[in-house]
Amino acid sequence: MRLTINGEAKEFPAPLNVDSLLAQLGLDARRVAFERNLEIVPRSAYTATALTDGDKLEIVHFIGGGGEASAAIDSDEGDPLVVAGRRFASRLIVGTGKYKDFEQTRAAVEASGADVVTVAVRRVNIAEPGQPMLADYLDQRRYTYLPNTAGCYTADEAVRTLRLAREAGGWSLVKLEVLGDKKTLYPDMIETLKAAEALIKDGFDVMVYCTDDPLFARKLEDVGCAAIMPLAAPIGSGLGIQNPINIALIVEQSNVPVIVDAGVGTASDAAVAMELGCDGVLMNTAIAEARDPIRMAMAMRLAVESGRHAYLAGRMKKRSYADPSSPLAGLILGQP
């Protein structure tokens, strides 16, 4: 029997079901999602699903990259981040890609204080099924995995990816991004809106990566997105917030969390985002590509916390002229 698995043709003796195939490949059925001829096979049906000659199969899992975890963090703090009814103590969300290894990923995430980490859905390497996996380093009982659609360029690709993610881990809280081109990685907002509508109809809670266009942000909220995630600058650019006016307008009009996503380069960028009134910041490259990722993760945690405090405190008014800090009454003038 000839099967095509993750794009590679392989021969197997018949009969074969999904369970026995995964066993032959050395894969843990609890840690992957299985698709047969573009149809997801639920785990409960693995034994009953017989494979036939010519089947095209996809087997995916989570890798580091830019869900509803076992449990969201019940924050005892007075100012939690609340997304789709889930409460998180930290307002910093971090990606898990670009680190030198999983151990560095673990250390950076821990230093960041984040409760939510983004993960990408990718094909399992069936040639090396025993390779370490992200879940070996980031406990899904401690962290909320946020599956994303990095690398998707159509609504159909994004919806298919997140349905597989839900099958793999049971997550319904997801991050949607549908890219427009490979040079800028700007979102294609028409496809993004189309995908958001389909996912929300299918029961997902959608956090959506978008341009800093207030009108499109409002459309995404109107269709039911759980969080609006405007870019600060192109993904991985480190340019910081290029259009603070639009970000502030999105914050002002939104009734769901606004989380700056993409383009943050350093701690001051994160603080600026929070001082604009954003509810959180998502970043990956700014930490992973720092000379010392662990120290930068700590800096980002402190910057997000400081920016939030500054926003809640309310900044002083700007003035055109000086205003002395010390009172002038009782000033000693003209004394020898």
# chains A, B, ... in the order shown; residues from 1 in each chain; ligands from 1

$ select_by_dssp --residues "region 220-288 of chain A" --states "strand (DSSP E)" --output "VMD selection string"
chain A and resid 227 to 230 259 to 261 280 to 283

$ residues_around --residues "region 230-238 of chain A" --least-positions-apart "4" --cutoff "7 Å" --atoms "only C-alpha atoms" --output "ChimeraX atom specification"
/A:184-186,209-212,242,259-265,285-286

$ write_last_selection --atoms "N, CA, C and O atoms" --output "PDB file, in the first residue's frame"
ATOM      1  N   THR A 184       7.242  41.913   2.893  1.00  0.00           N
ATOM      2  CA  THR A 184       6.857  42.754   4.035  1.00  0.00           C
ATOM      3  C   THR A 184       6.183  41.966   5.152  1.00  0.00           C
ATOM      4  O   THR A 184       6.144  42.427   6.288  1.00  0.00           O
ATOM      5  N   LEU A 185       5.625  40.787   4.820  1.00  0.00           N
ATOM      6  CA  LEU A 185       4.830  39.997   5.765  1.00  0.00           C
ATOM      7  C   LEU A 185       3.662  40.793   6.336  1.00  0.00           C
ATOM      8  O   LEU A 185       3.189  40.526   7.442  1.00  0.00           O
ATOM      9  N   TYR A 186       3.220  41.794   5.572  1.00  0.00           N
ATOM     10  CA  TYR A 186       2.029  42.534   5.977  1.00  0.00           C
ATOM     11  C   TYR A 186       0.808  41.631   5.836  1.00  0.00           C
ATOM     12  O   TYR A 186       0.743  40.775   4.950  1.00  0.00           O
ATOM     13  N   TYR A 209      -4.025  39.241  14.064  1.00  0.00           N
ATOM     14  CA  TYR A 209      -2.950  40.120  13.603  1.00  0.00           C
ATOM     15  C   TYR A 209      -3.472  40.952  12.443  1.00  0.00           C
ATOM     16  O   TYR A 209      -4.062  40.413  11.499  1.00  0.00           O
ATOM     17  N   CYS A 210      -3.254  42.260  12.496  1.00  0.00           N
ATOM     18  CA  CYS A 210      -3.830  43.127  11.478  1.00  0.00           C
ATOM     19  C   CYS A 210      -2.954  44.356  11.254  1.00  0.00           C
ATOM     20  O   CYS A 210      -2.003  44.606  11.994  1.00  0.00           O
ATOM     21  N   THR A 211      -3.293  45.118  10.239  1.00  0.00           N
ATOM     22  CA  THR A 211      -2.643  46.399  10.009  1.00  0.00           C
ATOM     23  C   THR A 211      -3.106  47.387  11.086  1.00  0.00           C
ATOM     24  O   THR A 211      -4.039  47.110  11.847  1.00  0.00           O
ATOM     25  N   ASP A 212      -2.466  48.540  11.123  1.00  0.00           N
ATOM     26  CA  ASP A 212      -2.857  49.558  12.114  1.00  0.00           C
ATOM     27  C   ASP A 212      -3.940  50.482  11.559  1.00  0.00           C
ATOM     28  O   ASP A 212      -3.957  51.678  11.836  1.00  0.00           O
ATOM     29  N   GLN A 242       5.659  52.621  14.564  1.00  0.00           N
ATOM     30  CA  GLN A 242       5.809  53.603  13.508  1.00  0.00           C
ATOM     31  C   GLN A 242       4.615  54.543  13.385  1.00  0.00           C
ATOM     32  O   GLN A 242       4.737  55.618  12.821  1.00  0.00           O
ATOM     33  N   ILE A 259      -3.564  44.393  21.449  1.00  0.00           N
ATOM     34  CA  ILE A 259      -2.233  43.883  21.772  1.00  0.00           C
ATOM     35  C   ILE A 259      -1.315  44.160  20.591  1.00  0.00           C
ATOM     36  O   ILE A 259      -1.531  43.648  19.496  1.00  0.00           O
ATOM     37  N   VAL A 260      -0.303  44.995  20.807  1.00  0.00           N
ATOM     38  CA  VAL A 260       0.636  45.296  19.723  1.00  0.00           C
ATOM     39  C   VAL A 260       1.415  44.039  19.367  1.00  0.00           C
ATOM     40  O   VAL A 260       1.950  43.353  20.242  1.00  0.00           O
ATOM     41  N   ASP A 261       1.473  43.749  18.087  1.00  0.00           N
ATOM     42  CA  ASP A 261       2.085  42.517  17.608  1.00  0.00           C
ATOM     43  C   ASP A 261       3.008  42.847  16.438  1.00  0.00           C
ATOM     44  O   ASP A 261       2.566  43.398  15.434  1.00  0.00           O
ATOM     45  N   ALA A 262       4.278  42.512  16.561  1.00  0.00           N
ATOM     46  CA  ALA A 262       5.260  42.637  15.484  1.00  0.00           C
ATOM     47  C   ALA A 262       5.928  44.003  15.456  1.00  0.00           C
ATOM     48  O   ALA A 262       5.273  45.039  15.568  1.00  0.00           O
ATOM     49  N   GLY A 263       7.249  43.982  15.303  1.00  0.00           N
ATOM     50  CA  GLY A 263       8.009  45.207  15.092  1.00  0.00           C
ATOM     51  C   GLY A 263       8.684  45.776  16.316  1.00  0.00           C
ATOM     52  O   GLY A 263       9.489  46.703  16.209  1.00  0.00           O
ATOM     53  N   VAL A 264       8.362  45.255  17.501  1.00  0.00           N
ATOM     54  CA  VAL A 264       9.022  45.743  18.716  1.00  0.00           C
ATOM     55  C   VAL A 264      10.494  45.349  18.670  1.00  0.00           C
ATOM     56  O   VAL A 264      10.841  44.217  18.323  1.00  0.00           O
ATOM     57  N   GLY A 265      11.382  46.300  19.027  1.00  0.00           N
ATOM     58  CA  GLY A 265      12.805  46.028  18.966  1.00  0.00           C
ATOM     59  C   GLY A 265      13.492  46.017  20.308  1.00  0.00           C
ATOM     60  O   GLY A 265      14.435  45.269  20.522  1.00  0.00           O
ATOM     61  N   THR A 285      11.168  38.053  17.984  1.00  0.00           N
ATOM     62  CA  THR A 285      12.512  38.349  17.502  1.00  0.00           C
ATOM     63  C   THR A 285      13.282  39.272  18.442  1.00  0.00           C
ATOM     64  O   THR A 285      14.492  39.096  18.636  1.00  0.00           O
ATOM     65  N   ALA A 286      12.611  40.249  19.016  1.00  0.00           N
ATOM     66  CA  ALA A 286      13.292  41.218  19.886  1.00  0.00           C
ATOM     67  C   ALA A 286      13.987  40.531  21.053  1.00  0.00           C
ATOM     68  O   ALA A 286      15.030  40.999  21.527  1.00  0.00           O
TER      69      ALA A 286
END

$ closest_atom_pairs --of "region 201-310 of chain A" --to "region 158-175 of chain A" --cutoff "7 Å" --atoms "only C-alpha atoms" --output "Markdown table"
| residue | atom | partner | partner_atom | distance |
| --- | --- | --- | --- | --- |
| A:Phe204 | CA | A:Ser172 | CA | 4.8 |
| A:Asp205 | CA | A:Leu173 | CA | 4.7 |
| A:Val206 | CA | A:Val174 | CA | 5.3 |
| A:Met207 | CA | A:Lys175 | CA | 4.7 |
| A:Val208 | CA | A:Lys175 | CA | 5.7 |

$ closest_atom_pairs --of "region 269-302 of chain A" --to "region 82-98 of chain A" --cutoff "9 Å" --atoms "only C-alpha atoms" --output "Markdown table"
| residue | atom | partner | partner_atom | distance |
| --- | --- | --- | --- | --- |
| A:Asp279 | CA | A:Arg91 | CA | 6.7 |
| A:Gly280 | CA | A:Arg91 | CA | 4.6 |
| A:Val281 | CA | A:Leu92 | CA | 5.2 |
| A:Leu282 | CA | A:Ile93 | CA | 4.5 |
| A:Met283 | CA | A:Val94 | CA | 5.1 |
| A:Asn284 | CA | A:Gly95 | CA | 4.4 |
| A:Thr285 | CA | A:Lys98 | CA | 7.0 |
| A:Ile287 | CA | A:Val94 | CA | 8.5 |
| A:Ala288 | CA | A:Lys98 | CA | 5.8 |
| A:Glu289 | CA | A:Lys98 | CA | 7.3 |
| A:Ala297 | CA | A:Val94 | CA | 9.0 |
| A:Met300 | CA | A:Leu92 | CA | 7.9 |
| A:Arg301 | CA | A:Leu92 | CA | 6.6 |

$ select_by_dssp --residues "region 121-330 of chain A" --states "alpha helix (DSSP H)" --output "MDAnalysis selection string"
chainID A and resid 155:169 189:201 214:222 244:253 267:275 285:288 293:313

$ residues_around --residues "Val223 (chain A)" --least-positions-apart "3" --cutoff "8 Å" --atoms "only C-alpha atoms" --output "list in words"
Ala196, Glu197, Lys219 and Leu220 of chain A

$ write_last_selection --atoms "C-alpha atoms" --output "tab-separated table (two decimals), in the first residue's frame"
chain	number	residue	atom	x	y	z
A	196	ALA	CA	-11.83	35.31	11.04
A	197	GLU	CA	-15.49	34.93	10.10
A	219	LYS	CA	-14.60	45.36	11.25
A	220	LEU	CA	-12.64	42.57	12.93
